[in-house]
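Q: First the structure, then my questions, so here it is.
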Amino acid sequence: MTCVTAPVVMQGLAASRQPAIRHERGQRQVFCGLTGIVWLHRKMQDAFFLVVGSRTCAHLLQSAAGVMIFAEPRFGTAIIDERDLAGLADANDELDRAVGDLLARRPDVRLLFLVGSCPSEVIKLDLSRAAARLSATFAPDVRVLHYSGSGIETTFTDGEDACLASLVPGLPAEPLTAAPSLLIVGALPDVVEDQFCRLFAAMGIGPVGFLPPRQSRQLPAVGAQTRFLLAQPFLDATARALEGRGARWLAAPFPFGAEGTTAWLRAAADAWCVDPGRFRQATQASEERARHALARHRAQLAGKRVFFFPDSQLEVPLARFLWRELGVDLIEVGTPYLHRRRHAAEIALLPDDVPIWEGQHLERQLDRCRAAQPDLVVCGLGLANPLEAEGMTTKWSIELVFTPIHGYEQAGDLAALFARPLLRKQRLEV
Amino acid sequence: MQLSLWTYEGPPHIGAMRVATAMEHVHYVLHAPQGDTYADLLFTMIERRQKRPPVTYTTFEARDLGSDTAELFQGAVREAFDRFRPQAMLVGSSCTASLLQDDPGGLARALGLPIPVIPLDLPAYQRKENWGAAETFYRLVRTFAAGTAGRDGQPKEPAAAVRPRCNLLGATALGFRHRDDVEEVAKLLARIGVEVNVIAPLGATPADLARLGAADFNVVLYPEIGATAAQWLKREFGQPLVSAAPLGVGATRDFVNEIARLTGIDPEPALSDQASRLPWYSRSVDSTYLTGKRVFIFGDATHAVAAARVAARELGFEVVGLGSYSREFAREVRDAARQYDIEALITDNYLEVEAAIAALQPELVLGTQMERHIAKRLGIPCAVISAPTHVQDYPARYSPQMGFEGANVLFDSWVHPLMMGLEEHLLTMFREDFEFRDGIAPSHLGTPAKPVDVAAAVPASIASAPPAPGPAASWDLEAERELRKIPFFVRGKARRNTESFARVRGVTVITVETLYDAKAHFSR
């Protein structure tokens with residue numbers, strides 16, 4: 001492949017512009033990485049997620065998933081009890097027994113993730129050895145991997161990153177003679193994957209693989225001819241693991257809104273030397289449809305003052321989308337962590353004075369929010385109703401993780417998620 | 001290590017949060033990693049509370065473990081005190097922090113705050129939510145009521161001019177209808193001339209807890225949460241306690257009579273009028289179809305035991321299963337089960353409950369949100385009677401479970417999911433009708449017309465577990481066809497009865513004759 005990918009620079013913006021990023025430490029109000037299981041178990045349909053943790057972990061998953069309980073979930077918890085802690089029972093024997101019970105009950109499971117938690121990290125239960133041991137026991141029917149979703153090491157969407165990174169060493173190597181291939185990294189709704197596949201096909205880009213795959217036995221191959229796009233901004237560990245296998249990251253803004261999606265697709269098109277005319281032809285109709293859909297919400301959102309509490313690490317790309325395509329005024333953009341390198345193209349698109357805050361001190365942030373009296377507060381489930389009761393208008397951020405929001409066809413839906421709370425406020429008379 | 005898919009109770013610090021959130025001017029500093037902050041959404045989303053729970057989390061991270069998590073904890077306590085100015089502070093650890101052995105109580109005391117600081121030692125790997133709530137409430141009551149002017153350790157003789165006073169204990173945040181039960185029970189007490197002294201923990205301040213001793217007796221609405229504190233109050237102030245929950249018409253009458261005996265007042269004002277519609281609704285002819293319906297009951301001990309009484313004696317159901325996840329109250333549940341000639345199921349493993357329901361094939365399940373999902377899966381009607389709860393269990397309307405109005409609510413909410421009497425008959429008579437067709441849910445529920453196959457819905461591991469020893473008989477084609485003519489909601493029972501009838505008689509092939517022999521044998 002002769003084309004070289006260049007960092008995407010939008011018209012009229014210099015990549016060197018860097019807003020000051022402020023830091024804060026204190027009480028955080030963010031889910032831990034276990035929460036990712038709630039959507040990952042729906043994406044990989046033959047996988048089971050077994051958290052090795054406490055009753056609190058089980059209760060978290062149940063509560064976070066409470067809005068969408070299924071008859072029998074493909075996740076569960078091996079609850080550590082005092083016998084395990086007192087050394088009366090060998091924790092490894094206990095874990096083997098729990099896994100044996102589980103796999104006997106669920107013969108359809110092909111991939112089992114042992115998911116580390118805060119207590120399993122603190123008592124230093126070695127899940128990598130457990131995974132190797134159990135893999136040997138249950139091969140070839142079931143593969144056993146492990147990752148940590150613990151809240152002392154990961155925050156919310158980091159759980160997906162850790163999970164996907166654990167899949168990378170097991171991806172098959174691409175053949176030496178392989179042609180360049182494109183890998184899309186990040187759990188996307190099936191319908192969005194299919195839309196992207198059609199766009200890439202129209203540009204002549206392929207083969208296209210997805211990580212995570214829908215079935216654990218359809219793992220994409222990886223190697224020096226692999227180019228990958230990140231569909232989510234929080235996948236740094238997975239990206240590094242892929243780079244470690246020779247794959248190359250195509251730096252780009254994330255595919256939110258018409259502009260973001262075009263820039264993201266163009267990164268691939270540039271790598272494949274797609275003729276600009278062909279790129280336009282492939283994307284024009286969809287992009288116009290997206291812009292048309294956004295225009296309807298612009299009237300509602302333009303000039304509105306928006307405040308982001310840190311939650312999913314989607315905050316910076318979404319703030320860019322709201323500012324550039326819907327004309328909102330950004331009051332504060334809080335994010336739990338900011339991976340500078342993966343966000344460079346996003347930050348280049350934001351205004352110089354955008355107040356990005358990394359980390360959290362909940363009470364001080366609430367003070368700033370109350371003082372600013374924004375028109376819309378994007379925040380987690382624990383804060384939304386109390387802020388509504390104080391008279392603010394909120395958008396719960398978890399919906400941004402559970403709803404199809406990527407790509408052209410979802411751009412209008414994404415704008416609608418922000419517009420609806422404002423519309424509701426206008427409508428309600430009591 | 002126990003494999004768990006869903007849990008009935010959260011960890012004990014959630015119980016402590018339920019007490020702190022229920023009260024005013026109490027703050028809880030919890031040594032916990034950031035993931036534990038999910039607990040706020042239980043209150044703000046599920047219960048739709050308008051305020052954040054009064055809880056500060058230290059949210060320590062891996063990098064703090066090497067340095068000083070104790071200092072982090074003290075900083076959080078100091079900051080929380082300065083910002084919220086509570087009248088009492090609860091301090092403790094969640095599961096992860098308890099492994100660090102930081103001693104929150106000692107650390108907080110060392111700060112010398114000018115308010116009572118109550119350390120909570122809640123063993124996270126051993127105990128659960130209700131126990132945590134009971135322990136927290138007890139600690140608070142002891143802290144504020146000890147040494148206050150009470151009844152001098154003697155039961156008080158009611159003076160004729162003074163209305164007897166009681167405390168209502170046990171209602172918390174995130175309780176199953178606690179909000180409405182408290183209101184209903186207070187109304188009931190007012191009708192018989194009993195004054196409510198303090199309601200706690202729900203809505204109480206620390207100062208209110210200091211007035212607990214001024215009551216003549218205590219009403220423990222939810223023994224799982226209020227009994228520990230009430231037992232201490234009995235020892236400290238000699239306050240007798242009424243712990244028969246007024247759930248159902250009979251239990252409410254007993255409740256009123258017990259209070260009348262305690263206080264010497266006349267129960268008739270509350271009992272004589274047509275206080276509840278349940279007795280007449282159960283006697284009205286339409287309710288004939290309720291008689292003998294097989295019901296499976298599971299929940300916390302108080303609600304499960306009370307529901308069994310209402311089901312059996314006030315609606316005429318047959319209780320075929322009764323169980324609870326409240327291990328602390330296992331004896332009470334076992335005693336109750338014996339009244340219905342069944343063995344109580346005491347477990348916190350939802351898979352065991354699912355297996356029991358699948359094997360018993362009841363016609364109605366009364367349970368928690370967990371049983372609601374099991375029942376949905378098995379195609380059995382269900383009503384929720386107990387925590388754990390869901391956002392649906394906090395209705396906008398007034399909907400108590402206790403007292404006479406509560407009994408009306410029980411009648412409606414348990415009967416509503418069932419097939420109406422005449423509809424059930426029509427289904428039996430005209431099985432091929434496209435609207436009344438086999439497997440279709442009750443028409444008044446408006447659910448999509450999707451046939452439910454109970455047998456197919458039973459998980460393999462459960463379906464394959466034989467209920468009794470002996471070789472299983474096989475069904476001949478004609479008998480199988482005849483079985484299909486039996487309405488789906490009783491087909492499981494018919495199949496099970498016929499098979500056990502065949503097994504006992506050593507019949508190896510079940511024919512149409514065997515089916516009807518079994519029917520005659522089991523009909524009463």
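A note on labels: chains of the structure tokens are A, B, ... as shown, every chain counts residues from 1, and ligands are counted from 1 in their shown order.
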Can you tell me, as an NGL selection string, which residues in range 43-173 of chain A count as helix (DSSP H, G or I) by DSSP?
A: :A and (43 or 55-64 or 66-68 or 82-85 or 91-105 or 118-122 or 127-138 or 158-170)
Q: Only residues of chain A matter here; which ones have an atom within 7 Å of chain B, counting only C-alpha atoms? Give them as a ChimeraX atom specification.
A: /A:27-32,54-56,58-60,62,71,75-82,84,94-95,98,105,118-119,151-153,381-383,385-386,389
Q: Would you list the contacts of range 337-346 of chain B as a VMD selection string, taking every protein, DNA or RNA residue within 12 Å and counting only C-alpha atoms, but skipping same-chain residues closer than 6 positions in sequence?
A: chain B and resid 294 to 301 304 to 309 311 to 313 317 to 331 352 to 357 360
Q: Run DSSP on the backbone of this structure and report the residues of range 174-413 of chain A it assigns to strand (DSSP E or B), as a PyMOL selection string.
A: chain A and resi 181-185+208-211+222+226-230+248-249+305-308+329-335+356-360+376-379+394-396
Q: For Gly112 in chain B, please output as JSON, numbers by chain all residues within 12 Å (counting only C-alpha atoms; exclusion window: fewer than 2 positions along the same chain).
A: {"B": [74, 77, 78, 81, 89, 105, 106, 107, 108, 109, 110, 114, 115, 116, 117]}
Q: Restricting it to C-alpha atoms, dump the selection as an mmCIF file, in the first residue's frame.
A:
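Result file follows (result.cif):
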data_model
loop_
_atom_site.group_PDB
_atom_site.id
_atom_site.type_symbol
_atom_site.label_atom_id
_atom_site.label_comp_id
_atom_site.auth_asym_id
_atom_site.auth_seq_id
_atom_site.Cartn_x
_atom_site.Cartn_y
_atom_site.Cartn_z
ATOM 1 C CA GLN B 74 -10.486 11.577 56.663
ATOM 2 C CA VAL B 77 -15.334 13.068 56.165
ATOM 3 C CA ARG B 78 -14.106 16.588 56.885
ATOM 4 C CA PHE B 81 -19.152 17.719 57.316
ATOM 5 C CA MET B 89 -22.572 11.065 60.563
ATOM 6 C CA GLY B 105 -14.780 4.629 62.868
ATOM 7 C CA GLY B 106 -11.431 5.380 64.507
ATOM 8 C CA LEU B 107 -10.344 7.689 61.706
ATOM 9 C CA ALA B 108 -13.548 9.700 61.858
ATOM 10 C CA ARG B 109 -13.494 9.921 65.668
ATOM 11 C CA ALA B 110 -9.944 11.254 65.499
ATOM 12 C CA PRO B 114 -18.945 18.223 67.045
ATOM 13 C CA ILE B 115 -21.672 15.704 66.133
ATOM 14 C CA PRO B 116 -22.219 12.025 66.887
ATOM 15 C CA VAL B 117 -20.213 9.842 64.511
#
Q: Residues within 10 Å of Arg129 in chain A, please, as a PyMOL selection string. Count only C-alpha atoms; anything in the same chain fewer than 6 positions from it doesn't count.
A: chain A and resi 92+135+145-146
Q: Write the selection just made, keeping C-alpha atoms, as a short mmCIF file (atom, residue, chain, number, x, y, z; two decimals), in the first residue's frame?
A:
data_model
loop_
_atom_site.label_atom_id
_atom_site.label_comp_id
_atom_site.auth_asym_id
_atom_site.auth_seq_id
_atom_site.Cartn_x
_atom_site.Cartn_y
_atom_site.Cartn_z
CA ASN A 92 -9.12 -21.10 42.63
CA SER A 135 -9.02 -22.82 28.89
CA LEU A 145 -10.14 -15.05 28.60
CA HIS A 146 -9.83 -12.52 31.38
#
Q: Fewer than 5 positions away in the same chain doesn't count, so skip those; otherwise give me all residues within 8 Å of Tyr408 in chain A, counting only C-alpha atoms, as a VMD selection string.
A: chain A and resid 256 to 258 261 286 to 287 289 to 290
Q: Write the residues you've just listed into a file as a PDB file, in the first residue's frame, and include all heavy atoms for each of them.
A:
ATOM      1  N   PHE A 256     -19.321  10.789  14.709  1.00  0.00           N
ATOM      2  CA  PHE A 256     -20.557  11.361  15.240  1.00  0.00           C
ATOM      3  C   PHE A 256     -20.923  12.566  14.395  1.00  0.00           C
ATOM      4  O   PHE A 256     -20.089  13.441  14.159  1.00  0.00           O
ATOM      5  CB  PHE A 256     -20.383  11.782  16.701  1.00  0.00           C
ATOM      6  CG  PHE A 256     -19.969  10.649  17.588  1.00  0.00           C
ATOM      7  CD1 PHE A 256     -18.744  10.659  18.238  1.00  0.00           C
ATOM      8  CD2 PHE A 256     -20.809   9.547  17.761  1.00  0.00           C
ATOM      9  CE1 PHE A 256     -18.354   9.595  19.050  1.00  0.00           C
ATOM     10  CE2 PHE A 256     -20.428   8.488  18.569  1.00  0.00           C
ATOM     11  CZ  PHE A 256     -19.194   8.511  19.207  1.00  0.00           C
ATOM     12  N   GLY A 257     -22.165  12.626  13.957  1.00  0.00           N
ATOM     13  CA  GLY A 257     -22.621  13.739  13.125  1.00  0.00           C
ATOM     14  C   GLY A 257     -22.166  13.554  11.684  1.00  0.00           C
ATOM     15  O   GLY A 257     -21.389  12.633  11.355  1.00  0.00           O
ATOM     16  N   ALA A 258     -22.652  14.438  10.811  1.00  0.00           N
ATOM     17  CA  ALA A 258     -22.308  14.341   9.389  1.00  0.00           C
ATOM     18  C   ALA A 258     -20.820  14.604   9.189  1.00  0.00           C
ATOM     19  O   ALA A 258     -20.114  13.844   8.513  1.00  0.00           O
ATOM     20  CB  ALA A 258     -23.142  15.347   8.603  1.00  0.00           C
ATOM     21  N   THR A 261     -18.524  11.830  10.722  1.00  0.00           N
ATOM     22  CA  THR A 261     -18.590  10.589   9.955  1.00  0.00           C
ATOM     23  C   THR A 261     -17.800  10.717   8.655  1.00  0.00           C
ATOM     24  O   THR A 261     -17.038   9.815   8.285  1.00  0.00           O
ATOM     25  CB  THR A 261     -20.065  10.230   9.675  1.00  0.00           C
ATOM     26  OG1 THR A 261     -20.755  10.147  10.914  1.00  0.00           O
ATOM     27  CG2 THR A 261     -20.179   8.887   8.962  1.00  0.00           C
ATOM     28  N   SER A 286     -25.802  10.141   1.697  1.00  0.00           N
ATOM     29  CA  SER A 286     -25.967   9.910   3.138  1.00  0.00           C
ATOM     30  C   SER A 286     -25.641  11.163   3.933  1.00  0.00           C
ATOM     31  O   SER A 286     -26.328  11.508   4.903  1.00  0.00           O
ATOM     32  CB  SER A 286     -25.052   8.783   3.609  1.00  0.00           C
ATOM     33  OG  SER A 286     -25.353   7.604   2.924  1.00  0.00           O
ATOM     34  N   GLU A 287     -24.582  11.847   3.520  1.00  0.00           N
ATOM     35  CA  GLU A 287     -24.173  13.039   4.260  1.00  0.00           C
ATOM     36  C   GLU A 287     -25.255  14.116   4.169  1.00  0.00           C
ATOM     37  O   GLU A 287     -25.583  14.767   5.164  1.00  0.00           O
ATOM     38  CB  GLU A 287     -22.841  13.567   3.736  1.00  0.00           C
ATOM     39  CG  GLU A 287     -22.319  14.701   4.616  1.00  0.00           C
ATOM     40  CD  GLU A 287     -20.996  15.317   4.152  1.00  0.00           C
ATOM     41  OE1 GLU A 287     -20.161  14.576   3.605  1.00  0.00           O
ATOM     42  OE2 GLU A 287     -20.833  16.536   4.333  1.00  0.00           O
ATOM     43  N   ARG A 289     -28.398  13.620   3.680  1.00  0.00           N
ATOM     44  CA  ARG A 289     -29.529  13.171   4.492  1.00  0.00           C
ATOM     45  C   ARG A 289     -29.273  13.504   5.964  1.00  0.00           C
ATOM     46  O   ARG A 289     -30.153  13.974   6.675  1.00  0.00           O
ATOM     47  CB  ARG A 289     -29.701  11.664   4.295  1.00  0.00           C
ATOM     48  CG  ARG A 289     -31.080  11.172   4.521  1.00  0.00           C
ATOM     49  CD  ARG A 289     -31.374   9.836   3.864  1.00  0.00           C
ATOM     50  NE  ARG A 289     -30.324   8.850   4.014  1.00  0.00           N
ATOM     51  CZ  ARG A 289     -29.870   8.103   3.006  1.00  0.00           C
ATOM     52  NH1 ARG A 289     -30.380   8.237   1.788  1.00  0.00           N
ATOM     53  NH2 ARG A 289     -28.920   7.213   3.188  1.00  0.00           N
ATOM     54  N   ALA A 290     -28.032  13.265   6.409  1.00  0.00           N
ATOM     55  CA  ALA A 290     -27.682  13.556   7.802  1.00  0.00           C
ATOM     56  C   ALA A 290     -27.802  15.054   8.090  1.00  0.00           C
ATOM     57  O   ALA A 290     -28.364  15.464   9.110  1.00  0.00           O
ATOM     58  CB  ALA A 290     -26.270  13.065   8.097  1.00  0.00           C
TER      59      ALA A 290
END
Q: Tell me, as a PyMOL selection string, which residues lie within 12 Å of Gly246 in chain A, counting only C-alpha atoms; anything in the same chain fewer than 2 positions away does not count.
A: chain A and resi 168-169+173-174+221-228+239-244+248-249
Q: As an exercise, work out the distance from CA of Glu325 in chain A to CA of Asp275 in chain A in Å and give it to one decimal place.
A: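 Straight-line distance from CA of Glu325 in chain A to CA of Asp275 in chain A works out to 26.1 Å.
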Q: Rounded to one decimal in Å, what is the spacing between CA of Val109 in chain A and CA of Thr368 in chain B?
A: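 Interatomic distance here is 28.4 Å.
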Q: So, with only C-alpha atoms as the atoms that count, which of B:Val55, B:Ala70, B:Ala171, B:Ala20 lies closest to Leu140 in chain B?
A: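 Nearest to Leu140 in chain B: B:Ala20.
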Q: A:Gln300, A:Thr262, A:His406, A:Gly33: which is nearest Gln426 in chain A, counting only C-alpha atoms?
A: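 Comparing A:Gln300, A:Thr262, A:His406, A:Gly33 against Gln426 in chain A, the winner is A:Gln300.
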Q: Given the choices A:Phe138, A:Tyr147, A:Trp323, A:Trp39, which gets closest to Cys163 in chain A if the distance is worked out from only C-alpha atoms?
A: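 The shortest atom-to-atom distance to Cys163 in chain A comes from A:Tyr147.
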Q: To one decimal place, how far is CA of Thr155 in chain A from CA of Gly36 in chain A in Å?
A: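 Distance reported for this atom pair: 9.7 Å.
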Q: Rank nothing, just name the residue among B:Asp476, B:Glu332, B:Glu24, B:Asp412 nearest to Pro201 in chain B, using only C-alpha atoms.
A: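 Among the listed residues, the smallest separation from Pro201 in chain B belongs to B:Glu24.
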